[in-house]
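Trainee: Okay, handing you the structure first.
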Amino acid sequence: MKLNSTVEAVTQRIRSRSGPTRSAYLAQLDAAAQRTPGVQRLGCANVAHAFAALPGNDKLRVVEQRAPNMGIVTAYNDMLSAHAPYQHYPDLIKAEARRLGATAQVAGGVPAMCDGVTQGTPGMELSLFSRDVIAMATAVALSHDVFAGALMLGVCDKIVPGLLIGALQFGHLPTVFVPAGPMTSGLSNGEKSKVREQAAQGLIGRTELLAAESAAYHGQGTCTFYGTANSNQMLLEAMGLHVPGSAFINPGAAVRDELTREAVRTVLGTADFKCPPIGRVVDERCIVNAMVALLATGGSTNHLIHWVAVARAAGILIDWDDFSSLSDVVPLLARVYPNGSADVNQFQAAGGPGYVIRELLDAGFMHADVLTNRAGGLRDYTRLPSAAATDASPALVWNDIGVSKDEAVVRPASAPFSASGGLKLLRGNLGRSVIKISAVPDDAHVIEAPCRVFDSQEDLHKAFTANELNRDLICVVRWQGPQANGMPELHKLTPPMAVLQGRGFKVALVTDGRMSGASGRVPAAIHVSPEAAAGGPLAKVRDGDVIRLDANRGELQVLVADAPWAAREVLSMPEALRVANGIGMGRGLFANMRLNASSAEQGACSWL
């Protein structure tokens with residue numbers, strides 16, 4: 001199938017824009033790859049330190065026999081459901097490496113925080129920058145420089161982008177990402193949302209709300225809605241960095257351990273295929289494939305920040321115009337909560353990532369001519385793994401996905417849910433912003449109303465509780481960008497805004513903060529750039545200003561005449577708020593990250 005002309009044009013402009021930075025990155029990669037392997041290059045004391053803790057046979061194998069040594073970077077901790085399954089993965093990986101004549105070491109661990117735990121608390125203000133901490137921790141782990149390849153153990157929101165950014169600093173290494181899968185389905189996401197809205201209205205108490213939340217989040221694995229964590233897994237499949245089809249197989253499933261062993265076999269290479277270095281896999285075509293997969297599945301808006309940063313780590317420059325151009329032509333093929341009622345387990349059962357990738361390839365929306373971690377290229381990622389029928393090798397087989405098992409969840413490219421991806425770039429005198437409209441009702445795509453300005457999400461909650469917001473209204477929540485307070489997600493605004501919408505009011509949210517993959521039917525112009533703390537236009541907005549949010553035309557405007565708008569004072573962030581944002585929960589340690597953060601559209605990077 002011929003590549004779609006818009007996909008081709010976007011790829012070409014990214015390639016042209018990225019020429020100097022990509023060339024510099026590849027030169028660095030090649031220089032690292034051409035060195036003598038670490039065991040032979042390093043001094044004897046260095047080598048002795050590196051392998052002092054290895055069992056005797058492993059030490060002999062890696063030092064004397066020069067066997068390949070794999071570095072494991074893990075996000076394991078046992079308080080977060082998504083990462084608890086990783087506890088025993090290193091032992092499994094080491095055993096498989098030994099069986100294949102190689103060795104493996106846990107090179108290091110990275111922090112993994114959960115936005116679900118910190119949501120609406122000061123700890124959430126560490127969340128976005130934890131991505132860069134994870135990237136740095138990954139670099140520290142791999143900086144021992146005695147590895148022939150790497151395995152990345154991580155799943156959730158900032159963890160995968162951080163691991164990927166860190167791994168790309170060692171782009172000469174073949175690298176495989178090893179998922180752990182989603183938890184089994186509990187209380188449906190729709191029912192959970194209803195209970196949250198009831199709680200926001202005071203109709204039920206803490207006991208009932210906690211019971212519902214605990215039924216939804218009940219065991220090991222990622223959350224089952226299609227937020228940032230599960231969008232990560234879809235994108236890694238589309239980039240060819242997983243063992244094919246491993247994203248959404250539950251922890252504890254019979255085939256899960258074998259998929260982890262297959263990750264070891266993949267990174268070590270087979271007789272007929274050598275796993276390529278990750279810096280070569282992640283090129284502009286690979287990044288475009290990830291963007292297309294995100295749009296076609298209605299994935300998390302967080303990736304308009306994270307994948308900009310990931311691309312930059314590989315010397316590739318993308319922006320929101322690229323996402324917007326692709327969104328205009330990429331069809332929406334999946335309806336997964338919050339863009340539908342299905343959870344990720346239902347998505348997997350209906351066809352999952354493999355079905356979506358196949359449909360996009362066949363319709364010309366993805367690059368087929370890309371490197372991946374498998375010999376068959378991206379086509380290998382259109383099939384579903386299962387255990388072989390016998391104990392004979394191979395232990396896994398991959399079968400064709402076939403037709404959609406539920407067209408209410410996934411549809412063919414010939415009959416999509418929508419002809420476009422549902423992501424819109426908004427421009428106007430309030431700056432640049434993005435909105436995800438795939439779950440927003442058609443009659444809410446255009447909102448024009450007076451605004452109420454809030455300096456924090458807590459202030460909005462207080463106004464809602466006091467019944468001050470019962471009217472057509474655009475809520476502006478500012479001082480929520482990377483430089484202001486680390487750009488926390490504002491999920492706790494969803495229930496009150498949804499309640500107002502349910503009462504028949506036309507409402508919307510405008511913010512320089514984030515809403516991520518859990519944003520739903522309330523229109524939300526998010527990531528407004530430049531942010532208010534950097535002197536952006538949100539710092540000029542006043543209570544009562546009429547704002548027009550037009551997702552159809554891609555406009556975000558405050559309806560104030562040009563001359564008075566230009567003359568209006570740009571407010572500074574309240575000093576009390578700035579001081580409070582740097583105190584408690586470790587926020588003081590992140591002061592330099594806030595100070596040096598790039599804009600959301602530039603990836604909110606602290607390392608540029």
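Labels used: A, B, ... for chains in the order of the structure tokens, numbers from 1 for residues in each chain, and numbers from 1 for ligands as shown.
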Which neighbours of segment 37-42 of chain A fall inside 12 Å, counting only C-alpha atoms, when residues of the same chain fewer than 6 positions from it are skipped, and could you give them as a short mmCIF file (atom, residue, chain, number, x, y, z; two decimals) with C-alpha atoms, in the first residue's frame?

Mentor:
```
data_model
loop_
_atom_site.label_atom_id
_atom_site.label_comp_id
_atom_site.auth_asym_id
_atom_site.auth_seq_id
_atom_site.Cartn_x
_atom_site.Cartn_y
_atom_site.Cartn_z
CA ALA A 48 37.03 -6.55 38.68
CA HIS A 49 34.64 -4.03 40.26
CA ALA A 50 32.06 -4.55 37.53
CA PHE A 51 31.84 -8.30 37.98
CA LYS A 59 32.26 -14.24 35.89
CA LEU A 60 34.26 -16.76 33.90
CA ARG A 61 31.83 -16.54 31.01
CA VAL A 62 31.80 -12.76 30.69
CA VAL A 63 35.48 -12.06 31.53
CA GLU A 64 37.36 -14.97 30.04
CA GLN A 65 35.02 -16.16 27.33
CA ARG A 66 33.89 -12.61 26.45
CA ALA A 67 30.25 -13.62 26.42
CA PRO A 68 27.71 -10.80 25.92
CA ASN A 69 26.53 -9.17 29.14
CA LEU A 142 24.21 2.10 31.78
CA SER A 143 27.23 4.37 32.33
CA HIS A 144 29.19 1.43 33.74
CA ASP A 145 29.58 0.66 30.04
CA VAL A 146 30.11 -3.09 30.22
CA PHE A 147 26.93 -4.06 28.39
CA ALA A 148 26.28 -5.53 24.96
CA GLY A 149 22.55 -4.83 25.18
CA HIS A 172 24.57 1.94 20.17
CA LEU A 173 23.03 -0.81 22.33
#
```

Trainee: Do a neighbour search on segment 586-602 of chain A at 9 Å with only C-alpha atoms, toss out local chain neighbours closer than 3 positions, and write the hits as an MDAnalysis selection string.

Mentor: chainID A and resid 122:123 125:126 129 304:305 308:309 312 317:320 432:433 481:487 512 527:531 534 581:583 605:608

Trainee: Can you tell me which residues surround segment 337-345 of chain A at a distance of at most 10 Å, considering only C-alpha atoms, apart from same-chain residues fewer than 2 positions away, and format the answer as a ChimeraX atom specification?

Mentor: /A:181-186,188-191,193,222-227,230-231,248-250,297-300,334-335,347-350,352,408-410,436-440,517-521

Trainee: Which residue, A:Leu571, A:Leu235, A:Leu378, A:Leu333, has the smallest gap to Met291 of chain A when you use only C-alpha atoms?

Mentor: A:Leu235

Trainee: Distance atom CA of Ala415 of chain A-atom CA of Met1 of chain A, one decimal place?

Mentor: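 Taking atom CA of Ala415 of chain A as the start and atom CA of Met1 of chain A as the end point, the length is 17.2 Å.
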
Trainee: Closest to Arg17 of chain A among A:Leu128, A:Leu360, A:Leu426, A:Ile316, using only C-alpha atoms?

Mentor: A:Ile316

Trainee: Tell me which of A:Ser324, A:Gln557, A:Gln346, A:Thr494 sits closest to Phe464 of chain A, counting only C-alpha atoms.

Mentor: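 Looking only at the distances to Phe464 of chain A, the closest residue turns out to be A:Thr494.
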
Trainee: Tell me, as a ChimeraX atom specification, which residues lie within 6 Å of segment 541-554 of chain A, counting only C-alpha atoms; anything in the same chain fewer than 6 positions away does not count.

Mentor: /A:425-426,445-453
